$ cat my_file-v7.txt   # compact mmCIF, C-alpha atoms and all ligand atoms
# COMPACT_ATOMS: atom_id res chain seq x y z
CA ASN A 223 -3.30 -24.72 6.84
CA GLY A 224 -5.93 -22.38 8.28
CA GLY A 225 -6.64 -19.04 6.66
CA MET A 226 -5.79 -15.85 8.49
CA THR A 227 -5.42 -12.13 7.88
CA VAL A 228 -1.94 -10.71 7.42
CA ALA A 229 -1.71 -6.90 7.62
CA ILE A 230 1.30 -5.24 6.00
CA ASP A 231 1.81 -1.48 6.18
CA GLY A 232 4.57 0.97 5.42
CA PRO A 233 5.60 3.89 3.21
CA ALA A 234 5.92 3.74 -0.60
CA ALA A 235 8.50 1.37 -2.08
CA ALA A 236 9.64 -0.09 1.26
CA GLY A 237 9.12 -3.62 -0.10
CA LYS A 238 5.68 -4.31 1.35
CA GLY A 239 4.18 -5.30 -2.00
CA THR A 240 6.94 -7.83 -2.64
CA VAL A 241 6.64 -9.28 0.87
CA ALA A 242 2.83 -9.37 0.64
CA LYS A 243 2.88 -11.24 -2.68
CA ALA A 244 5.48 -13.73 -1.47
CA VAL A 245 3.60 -14.46 1.77
CA ALA A 246 0.34 -14.90 -0.16
CA THR A 247 1.97 -17.31 -2.61
CA HIS A 248 3.70 -19.26 0.17
CA PHE A 249 0.51 -19.86 2.16
CA GLY A 250 -2.01 -19.84 -0.69
CA PHE A 251 -3.70 -16.69 0.66
CA ALA A 252 -5.36 -14.05 -1.52
CA HIS A 253 -3.53 -10.73 -1.83
CA LEU A 254 -4.93 -7.19 -2.03
CA ASP A 255 -2.73 -4.18 -2.78
CA THR A 256 -4.97 -1.55 -1.18
CA GLY A 257 -2.94 1.31 -2.69
CA LEU A 258 -4.51 0.31 -5.99
CA LEU A 259 -7.93 1.31 -4.65
CA TYR A 260 -6.74 4.84 -3.92
CA ARG A 261 -4.88 4.97 -7.24
CA ALA A 262 -8.02 3.89 -9.10
CA VAL A 263 -10.01 6.66 -7.39
CA ALA A 264 -7.22 9.11 -8.31
CA ALA A 265 -7.23 8.05 -11.96
CA LYS A 266 -10.91 9.04 -12.05
CA THR A 267 -10.56 12.35 -10.22
CA LEU A 268 -7.73 13.27 -12.62
CA LYS A 269 -10.37 12.92 -15.34
CA GLY A 270 -12.69 15.25 -13.44
CA MET A 271 -14.85 12.92 -11.34
CA ASP A 272 -15.82 13.85 -7.79
CA PRO A 273 -13.58 11.87 -5.35
CA GLU A 274 -16.38 10.50 -3.17
CA GLU A 275 -18.40 9.49 -6.23
CA ALA A 276 -15.30 7.80 -7.70
CA ALA A 277 -14.76 5.82 -4.47
CA ARG A 278 -18.41 4.80 -4.15
CA THR A 279 -18.65 3.56 -7.75
CA LEU A 280 -15.27 1.80 -7.91
CA ALA A 281 -15.44 -1.51 -9.81
CA PRO A 282 -12.93 -4.39 -10.13
CA VAL A 283 -12.18 -3.45 -13.75
CA ASP A 284 -10.95 -0.02 -12.56
CA LEU A 285 -8.05 -1.75 -10.79
CA GLU A 286 -6.71 -2.95 -14.15
CA ASP A 287 -6.15 0.54 -15.60
CA PRO A 288 -2.49 0.49 -16.80
CA SER A 289 -1.98 4.16 -15.82
CA LEU A 290 -2.35 3.37 -12.11
CA ARG A 291 1.45 2.97 -11.71
CA ASP A 292 2.18 6.49 -13.00
CA PRO A 293 3.79 8.87 -10.48
CA ASP A 294 1.17 11.58 -11.06
CA VAL A 295 -1.56 9.07 -10.18
CA ALA A 296 0.38 8.17 -7.00
CA GLN A 297 0.53 11.84 -5.96
CA GLU A 298 -3.17 12.30 -6.65
CA ALA A 299 -3.89 9.06 -4.73
CA SER A 300 -2.28 10.49 -1.60
CA LYS A 301 -4.44 13.61 -2.01
CA VAL A 302 -7.76 11.76 -2.36
CA ALA A 303 -6.65 9.48 0.51
CA VAL A 304 -6.97 12.35 3.03
CA ILE A 305 -10.72 12.69 2.29
CA PRO A 306 -12.69 10.84 5.02
CA ALA A 307 -15.63 10.00 2.69
CA VAL A 308 -13.23 8.38 0.20
CA ARG A 309 -11.63 6.22 2.91
CA ALA A 310 -15.05 5.30 4.36
CA ALA A 311 -16.32 4.15 0.95
CA LEU A 312 -13.41 1.69 0.63
CA VAL A 313 -13.58 0.10 4.10
CA ARG A 314 -16.23 -2.56 3.51
CA PHE A 315 -14.58 -4.02 0.41
CA GLN A 316 -11.22 -4.27 2.21
CA ARG A 317 -12.72 -5.89 5.34
CA SER A 318 -14.66 -8.49 3.40
CA PHE A 319 -11.53 -9.30 1.39
CA ALA A 320 -9.57 -9.64 4.66
CA THR A 321 -11.95 -12.15 6.18
CA ARG A 322 -12.22 -14.56 3.23
CA ALA A 323 -12.00 -18.17 4.31
CA GLY A 324 -8.75 -19.12 2.58
CA GLY A 325 -6.69 -16.37 4.22
CA ALA A 326 -5.72 -12.93 2.97
CA VAL A 327 -2.75 -10.59 2.87
CA LEU A 328 -3.51 -6.87 2.59
CA ASP A 329 -0.85 -4.24 2.14
CA GLY A 330 -1.31 -0.49 2.53
CA ARG A 331 -0.97 2.29 5.10
CA ASP A 332 -3.75 1.64 7.63
CA ILE A 333 -4.38 -2.12 7.48
CA GLY A 334 -3.05 -2.96 10.96
CA THR A 335 -4.39 0.22 12.56
CA VAL A 336 -7.86 0.73 10.98
CA ILE A 337 -8.93 -1.88 8.44
CA CYS A 338 -7.89 -5.06 10.31
CA PRO A 339 -7.02 -4.08 13.89
CA ASP A 340 -7.48 -7.73 14.97
CA ALA A 341 -5.17 -9.27 12.37
CA PRO A 342 -3.02 -11.95 14.07
CA VAL A 343 0.04 -10.92 12.05
CA LYS A 344 0.96 -7.28 11.47
CA LEU A 345 4.10 -6.05 9.78
CA PHE A 346 5.36 -2.51 9.34
CA ILE A 347 7.97 -2.41 6.59
CA THR A 348 10.22 0.63 6.28
CA ALA A 349 13.42 1.76 4.56
CA SER A 350 15.20 5.09 4.16
CA PRO A 351 13.59 7.53 1.69
CA GLU A 352 16.74 7.41 -0.50
CA VAL A 353 16.72 3.61 -0.78
CA ARG A 354 12.99 3.57 -1.47
CA ALA A 355 13.34 6.25 -4.15
CA GLN A 356 16.20 4.31 -5.73
CA ARG A 357 14.06 1.15 -5.90
CA ARG A 358 11.04 2.96 -7.27
CA PHE A 359 13.23 4.81 -9.81
CA ALA A 360 14.66 1.49 -11.05
CA GLU A 361 11.17 -0.01 -11.27
CA LEU A 362 9.70 2.93 -13.21
CA SER A 363 12.73 3.15 -15.53
CA GLY A 364 12.44 -0.57 -16.16
CA LYS A 365 8.88 -0.02 -17.30
CA GLY A 366 10.03 2.63 -19.76
CA ILE A 367 8.66 5.55 -17.74
CA GLU A 368 10.96 8.57 -18.20
CA ILE A 369 11.72 10.13 -14.83
CA THR A 370 14.72 11.20 -12.75
CA TYR A 371 15.83 9.88 -9.34
CA GLU A 372 15.43 13.39 -7.88
CA ILE A 373 11.79 13.61 -8.95
CA VAL A 374 11.06 10.15 -7.53
CA LEU A 375 12.74 11.06 -4.21
CA ASP A 376 10.70 14.24 -4.04
CA ASP A 377 7.50 12.31 -4.79
CA VAL A 378 8.26 9.72 -2.09
CA LYS A 379 8.98 12.40 0.53
CA GLN A 380 5.86 14.41 -0.31
CA ARG A 381 3.63 11.35 -0.11
CA ASP A 382 5.24 10.21 3.17
CA MET A 383 4.53 13.63 4.64
CA ARG A 384 0.92 13.69 3.45
CA ASP A 385 0.30 10.07 4.52
CA MET A 386 1.79 10.54 8.01
CA SER A 387 0.21 13.89 8.81
CA ARG A 388 -3.42 13.34 7.77
CA ASP A 389 -6.11 13.21 10.48
CA GLN A 390 -7.77 9.98 9.38
CA ALA A 391 -5.87 6.71 9.33
CA PRO A 392 -2.39 8.27 9.18
CA LEU A 393 0.55 6.06 8.21
CA LYS A 394 1.98 4.68 11.45
CA PRO A 395 2.82 1.25 12.87
CA ALA A 396 0.13 -0.49 14.91
CA ALA A 397 1.22 -0.93 18.53
CA ASP A 398 1.49 -4.70 17.97
CA ALA A 399 3.16 -4.57 14.54
CA LYS A 400 6.53 -6.19 13.94
CA GLN A 401 8.80 -3.63 12.28
CA ILE A 402 11.13 -4.66 9.49
CA ASP A 403 13.65 -2.15 8.10
CA THR A 404 14.70 -3.18 4.58
CA THR A 405 17.24 -0.37 4.04
CA GLU A 406 20.15 -2.79 4.22
CA MET A 407 18.25 -6.05 4.13
CA ALA A 408 17.85 -8.33 1.12
CA ILE A 409 14.18 -8.61 0.27
CA GLU A 410 14.41 -12.43 0.58
CA ASP A 411 15.32 -11.96 4.26
CA ALA A 412 12.29 -9.74 4.82
CA VAL A 413 10.12 -12.39 3.13
CA ALA A 414 11.63 -15.13 5.31
CA ALA A 415 10.97 -13.09 8.47
CA ALA A 416 7.35 -12.52 7.41
CA VAL A 417 6.79 -16.20 6.56
CA ALA A 418 8.19 -17.23 9.95
CA LEU A 419 5.81 -14.85 11.74
CA VAL A 420 2.79 -16.27 9.93
CA GLU A 421 3.94 -19.84 10.57
CA ALA A 422 4.27 -19.11 14.29
CA LYS A 423 0.58 -18.11 14.38
CA GLN A 424 -0.75 -21.15 12.52
O1 LIG B 1 0.77 1.91 -1.90
P1 LIG B 1 0.65 2.97 -2.96
O2 LIG B 1 1.90 3.74 -3.16
O3 LIG B 1 0.10 2.42 -4.24
O4 LIG B 1 -0.46 3.97 -2.41
C1 LIG B 1 -0.80 5.18 -3.06
C2 LIG B 1 -1.38 6.16 -2.04
O5 LIG B 1 -2.63 5.66 -1.58
C3 LIG B 1 -0.54 6.33 -0.78
O6 LIG B 1 0.44 7.34 -0.90
C4 LIG B 1 -1.58 6.67 0.28
O7 LIG B 1 -1.85 8.05 0.32
C5 LIG B 1 -2.83 5.98 -0.20
N1 LIG B 1 -3.13 4.77 0.57
C6 LIG B 1 -3.80 4.90 1.77
N2 LIG B 1 -4.17 3.81 2.49
C7 LIG B 1 -3.87 2.57 2.06
C8 LIG B 1 -3.15 2.40 0.84
C9 LIG B 1 -2.79 3.52 0.12
O8 LIG B 1 -4.07 6.03 2.19
N3 LIG B 1 -4.26 1.52 2.77
$ encode --input "my_file-v7.txt" --output "structure tokens"
Amino acid sequence: NGGMTVAIDGPAAAGKGTVAKAVATHFGFAHLDTGLLYRAVAAKTLKGMDPEEAARTLAPVDLEDPSLRDPDVAQEASKVAVIPAVRAALVRFQRSFATRAGGAVLDGRDIGTVICPDAPVKLFITASPEVRAQRRFAELSGKGIEITYEIVLDDVKQRDMRDMSRDQAPLKPAADAKQIDTTEMAIEDAVAAAVALVEAKQ
């Protein structure tokens, strides 16, 4: 069971986190949710820190901040994510995680295009904005966060727009990524498709 890098990209709440975790568990690979890095930077800039400074001084403990799931942190994350110096400061950590001996799954927006362009398996997971907002709304409500579906849908659309239109590392599928649309697909089927792709490369 050789280690390898699995790159999973896509917009918010498309199911990439679920697929990434399941693939990592199945093959015994490590998993990195790279959105957490941008959220951790955002949590600091919301407290007044300079974005580049926040990215350069990021520490593992910062990824455990319970506020990172909050929608306002997500919005701020997509704003700091357009800053080239912020993205540059996070590259080395992601690349060294990706090349660890036991195999690694990274999920984010630019893993297959920028962080790990040579990954043997690349997935681009999408779903309609409405379905993604519905999923994220259920998840946030389940955690006791008070929010409406309309606000979540608005948040998802704004972040999609910002993530797709930025100059550096915009959200888009790598040319060699396998696209999976989970709008009408059970998440187990998306996981099975991802596992089969990894198996085929082993
Ligand atoms: O995946 P998540 O929703 O936690 O990501 C939060 C924000 O971080 C995204 O909207 C995006 O702007 C940014 N991000 C990024 N590149 C990544 C992962 C996340 O720009 N690889």
$ axis_aligned_box --input "my_file-v7.txt" --around "ligand LIG 1 (chain B)" --padding-each-side "5 Å" --output "JSON"
{"center_x": -1.2, "center_y": 4.8, "center_z": -0.7, "size_x": 16.2, "size_y": 16.5, "size_z": 17.0}
$ atom_distance --input "my_file-v7.txt" --atom1 "atom CA of Ser300 of chain A" --atom2 "atom O1 of ligand LIG 1 (chain B)"
9.1 Å
$ atom_distance --input "my_file-v7.txt" --atom1 "atom CA of Phe249 of chain A" --atom2 "atom CA of Lys344 of chain A"
15.7 Å
$ atom_distance --input "my_file-v7.txt" --atom1 "atom CA of Glu352 of chain A" --atom2 "atom CA of Leu375 of chain A"
6.6 Å
$ closest_atom_pairs --input "my_file-v7.txt" --of "chain A" --to "ligand LIG 1 (chain B)" --cutoff "6 Å" --atoms "all atoms listed in the file" --output "CSV"
residue,atom,partner,partner_atom,distance
A:Ala234,CA,B:LIG1,O2,4.8
A:Thr256,CA,B:LIG1,C8,4.8
A:Gly257,CA,B:LIG1,C9,3.6
A:Leu258,CA,B:LIG1,O3,5.4
A:Tyr260,CA,B:LIG1,O5,4.8
A:Arg261,CA,B:LIG1,C1,5.8
A:Ala296,CA,B:LIG1,C1,5.1
A:Ala299,CA,B:LIG1,C2,4.7
A:Ser300,CA,B:LIG1,O7,3.1
A:Ala303,CA,B:LIG1,O8,4.6
A:Gly330,CA,B:LIG1,N3,3.6
A:Arg331,CA,B:LIG1,N3,4.1
A:Asp332,CA,B:LIG1,N3,4.9
A:Ile333,CA,B:LIG1,N3,6.0
A:Arg381,CA,B:LIG1,O6,5.2
A:Asp385,CA,B:LIG1,O7,5.1
$ closest_residue --input "my_file-v7.txt" --among "A:Ala311, A:Ala399, A:Ala252, A:Leu393" --to "Gly232 of chain A" --atoms "all atoms listed in the file"
A:Leu393
$ residues_around --input "my_file-v7.txt" --residues "Cys338 of chain A" --least-positions-apart "2" --cutoff "8 Å" --atoms "only C-alpha atoms" --output "list in words"
Thr227, Ala229, Arg317, Ala320, Ile333, Gly334, Thr335, Val336, Asp340 and Ala341 of chain A
$ residues_around --input "my_file-v7.txt" --residues "Asp329 of chain A" --least-positions-apart "4" --cutoff "6 Å" --atoms "all atoms listed in the file" --output "PyMOL selection string"
chain A and resi 230-231+255-256
$ write_last_selection --input "my_file-v7.txt" --atoms "C-alpha atoms" --output "PDB file, in the coordinates of the input"
ATOM      1  CA  ILE A 230       1.300  -5.240   6.000  1.00  0.00           C
ATOM      2  CA  ASP A 231       1.810  -1.480   6.180  1.00  0.00           C
ATOM      3  CA  ASP A 255      -2.730  -4.180  -2.780  1.00  0.00           C
ATOM      4  CA  THR A 256      -4.970  -1.550  -1.180  1.00  0.00           C
TER       5      THR A 256
END
$ closest_residue --input "my_file-v7.txt" --among "A:Ala408, A:Ile367, A:Ala416, A:Ile373" --to "His248 of chain A" --atoms "only C-alpha atoms"
A:Ala416
$ closest_residue --input "my_file-v7.txt" --among "A:Lys423, A:Val327, A:Gln380, A:Arg309" --to "Pro293 of chain A" --atoms "only C-alpha atoms"
A:Gln380
$ closest_residue --input "my_file-v7.txt" --among "A:Ala422, A:Ala326, A:Ile369, A:Val283" --to "Val245 of chain A" --atoms "all atoms listed in the file"
A:Ala326
$ residues_around --input "my_file-v7.txt" --residues "Val417 of chain A" --least-positions-apart "2" --cutoff "10 Å" --atoms "only C-alpha atoms" --output "PDB file with C-alpha atoms, in the frame of the given file"
ATOM      1  CA  VAL A 241       6.640  -9.280   0.870  1.00  0.00           C
ATOM      2  CA  ALA A 242       2.830  -9.370   0.640  1.00  0.00           C
ATOM      3  CA  ALA A 244       5.480 -13.730  -1.470  1.00  0.00           C
ATOM      4  CA  VAL A 245       3.600 -14.460   1.770  1.00  0.00           C
ATOM      5  CA  ALA A 246       0.340 -14.900  -0.160  1.00  0.00           C
ATOM      6  CA  HIS A 248       3.700 -19.260   0.170  1.00  0.00           C
ATOM      7  CA  PHE A 249       0.510 -19.860   2.160  1.00  0.00           C
ATOM      8  CA  ASP A 411      15.320 -11.960   4.260  1.00  0.00           C
ATOM      9  CA  ALA A 412      12.290  -9.740   4.820  1.00  0.00           C
ATOM     10  CA  VAL A 413      10.120 -12.390   3.130  1.00  0.00           C
ATOM     11  CA  ALA A 414      11.630 -15.130   5.310  1.00  0.00           C
ATOM     12  CA  ALA A 415      10.970 -13.090   8.470  1.00  0.00           C
ATOM     13  CA  LEU A 419       5.810 -14.850  11.740  1.00  0.00           C
ATOM     14  CA  VAL A 420       2.790 -16.270   9.930  1.00  0.00           C
ATOM     15  CA  GLU A 421       3.940 -19.840  10.570  1.00  0.00           C
ATOM     16  CA  ALA A 422       4.270 -19.110  14.290  1.00  0.00           C
TER      17      ALA A 422
END
$ closest_residue --input "my_file-v7.txt" --among "A:Val378, A:Met383, A:Val263, A:Leu285" --to "Ser350 of chain A" --atoms "only C-alpha atoms"
A:Val378
$ residues_around --input "my_file-v7.txt" --residues "Glu298 of chain A" --least-positions-apart "4" --cutoff "8 Å" --atoms "all atoms listed in the file" --output "MDAnalysis selection string"
chainID A and resid 261 264:265 268 294 302
$ write_last_selection --input "my_file-v7.txt" --atoms "C-alpha atoms" --output "short mmCIF file (atom, residue, chain, number, x, y, z; two decimals), in the coordinates of the input"
data_model
loop_
_atom_site.label_atom_id
_atom_site.label_comp_id
_atom_site.auth_asym_id
_atom_site.auth_seq_id
_atom_site.Cartn_x
_atom_site.Cartn_y
_atom_site.Cartn_z
CA ARG A 261 -4.88 4.97 -7.24
CA ALA A 264 -7.22 9.11 -8.31
CA ALA A 265 -7.23 8.05 -11.96
CA LEU A 268 -7.73 13.27 -12.62
CA ASP A 294 1.17 11.58 -11.06
CA VAL A 302 -7.76 11.76 -2.36
#
$ residues_around --input "my_file-v7.txt" --residues "segment 359-366 of chain A" --least-positions-apart "4" --cutoff "12 Å" --atoms "only C-alpha atoms" --output "list in words"
Ala234, Ala235, Gly237, Pro288, Ser289, Arg291, Asp292, Pro293, Pro351, Glu352, Val353, Arg354, Ala355, Thr370, Tyr371, Glu372, Ile373, Val374, Leu375, Asp376, Asp377 and Val378 of chain A
$ closest_residue --input "my_file-v7.txt" --among "A:Gly239, A:Pro339, A:Gln390, A:Arg322" --to "Ala310 of chain A" --atoms "all atoms listed in the file"
A:Gln390
